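Let me begin by presenting the structure, written as structure tokens, before commenting on it.
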Amino acid sequence: MKFYYQCSECGKNYEITPEIMVCPECSKSQNSNKPLRGILEVICDSELDNEFSIFDFLPIEKRFFPKIPVGNTPLWQPNNLRNEFGFENLFIKDDTCNPTNSFKDRASYLVAAFAKKWGIKEIVVASTGNAASSMAGIGASANLNITIFMPESAPKAKMIQSLQYGAKVITVAGNYDKAFDLSLKYLKKNNFLSRNTAYNPMTIEGKKTVSLEIYQSLKKSPDFVFVPTGDGAILGGVYKGFKDLKRCGFIKIIPTIVAVQAEGSNAICEALKSDEFSPIEAKTIADSISVGIPKNGYYVIQQLEKYNGKCITVSDDEILTAQKQLSSSEGLFTEPAGAAAFAGFKKMKNNLSKDAMIVLLATGNGLKDIDSAMEKVKFPKRAITSLEEL
Ligand SMILES: *Cc1c(COP(=O)(O)O)cnc(C)c1O
């Protein structure tokens with residue numbers, strides 16, 4: 001199996017090495033306040049048979065991966081929601097079951113293997129929380145040193161996770177875009193490996209495993225996949241997985257991918273309409289999809305246009321309502337970003353055929369952000385000492 005990088009803009013090929021993260025040519029046209037230029041896609045040029053293992057599709061050999069069990073998350077049938085909405089082929093891909101309780105582990109896992117293969121010991125990441133806690137946890141298992149740049153406003157649980165796993169946490173007075181900038185400057189000075197989302201090609205490549213698993217479970221490709229979207233690395237990864245499956249002849253068509261964004265953080269939806277990224281001041285309760293400048297913006301617009309994908313927005317209230325409904329009707333407690341895909345499905349359901357095969361991605365555990373989860377529940381008013389007080 002031969003793997004190499006190909007620039008998603010100019011099409012030039014490069015060997016996979018730690019020295020190169022984005023296309024040296026196309027990244028020259030990088031403007032500040034814009035998505036990343038010259039995103040590199042991993043291409044593999046050989047054929048696979050039907051009994052493939054996920055590792056066969058990955059550009060790093062299996063022996064370099066840490067032992068922590070990432071992926072293989074359940075794809076299950078939410079019967080109560082199926083009955084309520086009348087969609088008999090609705091599925092949830094529950095990525096809250098990953099070791100650090102978010103989808104981000106898929107990327108961290110491949111980045112950790114990449115570092116092991118190349119003898120790299122230090123990894124730096126900027127993150128609103130989940131990419132950080134994920135890299136910290138997977139990095140602990142792989143014996144790597146992790147440095148994190150995190151906005152000081154990040155949910156406490158995500159910061160505590162990172163500290164528990166033993167990462168060095170640097171809090172940034174400012175938003176995620178600021179943390180990203182500072183981390184790149186720090187990287188230049190120290191020559192460490194970056195796990196910054198989309199910037200390191202392994203992040204998108206690692207996230208494609210979700211599509212491979214969906215295919216392995218369903219034995220075919222679904223009609224729709226709903227994807228909560230901030231930077232668009234999950235979205236890009238979902239596409240990449242289905243594209244690999246198509247190239248190897250396992251599926252004939254790429255599913256309709258629906259990117260779901262928060263109304264207050266809708267840069268990709270806007271760019272799909274106007275073909276242009278204007279920086280926005282992102283504001284949403286769903287911190288994991290709160291992004292002003294989507295790092296993977298140009299790449300995902302290219303994919304959404306090519307494969308007729310959709311982008312929709314949901315309000316914070318719709319997200320919180322969806323979160324509560326997932327918890328109380330299915331026992332699936334996800335953080336707000338994790339519930340956004342379901343909120344998007346609810347918004348779009350009247351335009352979907354009832355027998356369509358639909359997969360909703362649930363991307364992060366609800367306990368990661370307790371403050372948001374308190375919005376839609378009522379706390380017991382006071383403590384009792386006897387039943388008469390009820
Ligand atoms: C990171 C994240 C997302 C969004 O992924 P992007 O690649 O930034 O679009 C969605 N949900 C959760 C829980 C996340 O941590």
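Residue numbering restarts at 1 in every chain; chains get A, B, ... in the order shown in the structure tokens, and ligands count up from 1 in that same order.
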Q: Could the residues that lie within 9 Å of ligand 1, counting only C-alpha atoms and all ligand atoms, be listed as a ChimeraX atom specification?
A: /A:95-96,101-104,127-131,197-198,203-204,207,227-237,259,261,286-291,294-296,334-341,361-365
(Q) Could you go through region 39-196 of chain A and tell me which residues DSSP, when run on the backbone, assigns to helix (DSSP H, G or I), listing them as a PyMOL selection string? (A) chain A and resi 54-57+62-64+79-85+95-97+105-117+130-141+156-164+176-190
**Q.** Nearest-residue call for Phe192 (chain A), choices A:Tyr215, A:Trp118, A:Phe87, A:Tyr5, using only C-alpha atoms
**A.** A:Trp118
Q.
I want to know what sits within 12 Å of Thr17 (chain A), based on only C-alpha atoms, with residues of the same chain fewer than 3 positions away left out; could you give that as a VMD selection string?
A. chain A and resid 3 to 5 14 20 to 22 40 42 59 to 60 114 to 115 117 to 120 193 200 to 202
Please identify which residues in region 59-219 of chain A DSSP calls strand (DSSP E) from the backbone, and express them as a short mmCIF file (atom, residue, chain, number, x, y, z; two decimals) with C-alpha atoms, in the first residue's frame.
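Writing the result to result_31.cif gives the following:
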data_model
loop_
_atom_site.label_atom_id
_atom_site.label_comp_id
_atom_site.auth_asym_id
_atom_site.auth_seq_id
_atom_site.Cartn_x
_atom_site.Cartn_y
_atom_site.Cartn_z
CA LEU A 75 -23.97 2.52 15.67
CA TRP A 76 -27.34 1.97 17.25
CA LEU A 90 -32.55 6.39 11.83
CA PHE A 91 -29.19 5.57 13.45
CA ILE A 92 -26.92 7.21 15.98
CA LYS A 93 -23.15 6.83 15.73
CA ASP A 94 -22.17 7.32 19.33
CA GLU A 122 6.34 16.55 21.72
CA ILE A 123 2.97 17.53 20.32
CA VAL A 124 1.35 20.96 20.49
CA VAL A 125 -2.35 21.65 20.01
CA ALA A 126 -4.67 24.64 20.15
CA ASN A 145 4.48 15.08 25.85
CA ILE A 146 1.51 17.28 25.06
CA THR A 147 1.34 21.08 25.22
CA ILE A 148 -2.06 22.70 24.95
CA PHE A 149 -3.18 26.25 24.10
CA MET A 150 -6.73 26.68 25.33
CA PRO A 151 -9.01 29.72 25.63
CA LYS A 168 0.99 21.08 29.94
CA VAL A 169 -1.93 23.50 29.69
CA ILE A 170 -1.42 27.13 28.65
CA THR A 171 -4.59 29.19 28.93
CA VAL A 172 -5.06 32.04 26.47
CA LEU A 193 4.66 18.41 15.92
CA SER A 194 1.37 20.27 15.57
#
Q: Name all residues at most 7 Å from Asn80 (chain A) (count only C-alpha atoms; drop same-chain ones fewer than 4 positions away) and give them as a list in words.
A: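 Neighbouring residues, sequence-local ones excluded: Glu84, Ser329 and Glu330 of chain A.
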Q: Please measure the separation of CA of Gln216 (chain A) and CA of Glu47 (chain A), giving the value in Å to one decimal.
A: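 A separation of 16.8 Å between them.
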**Q.** Non-local contacts of Tyr109 (chain A) (12 Å; only C-alpha atoms; under 2 positions in same chain excluded) as a ChimeraX atom specification
**A.** /A:55,58,60,62,64-71,98-100,103-107,111-116,131,134-142,144,195,202-207,209
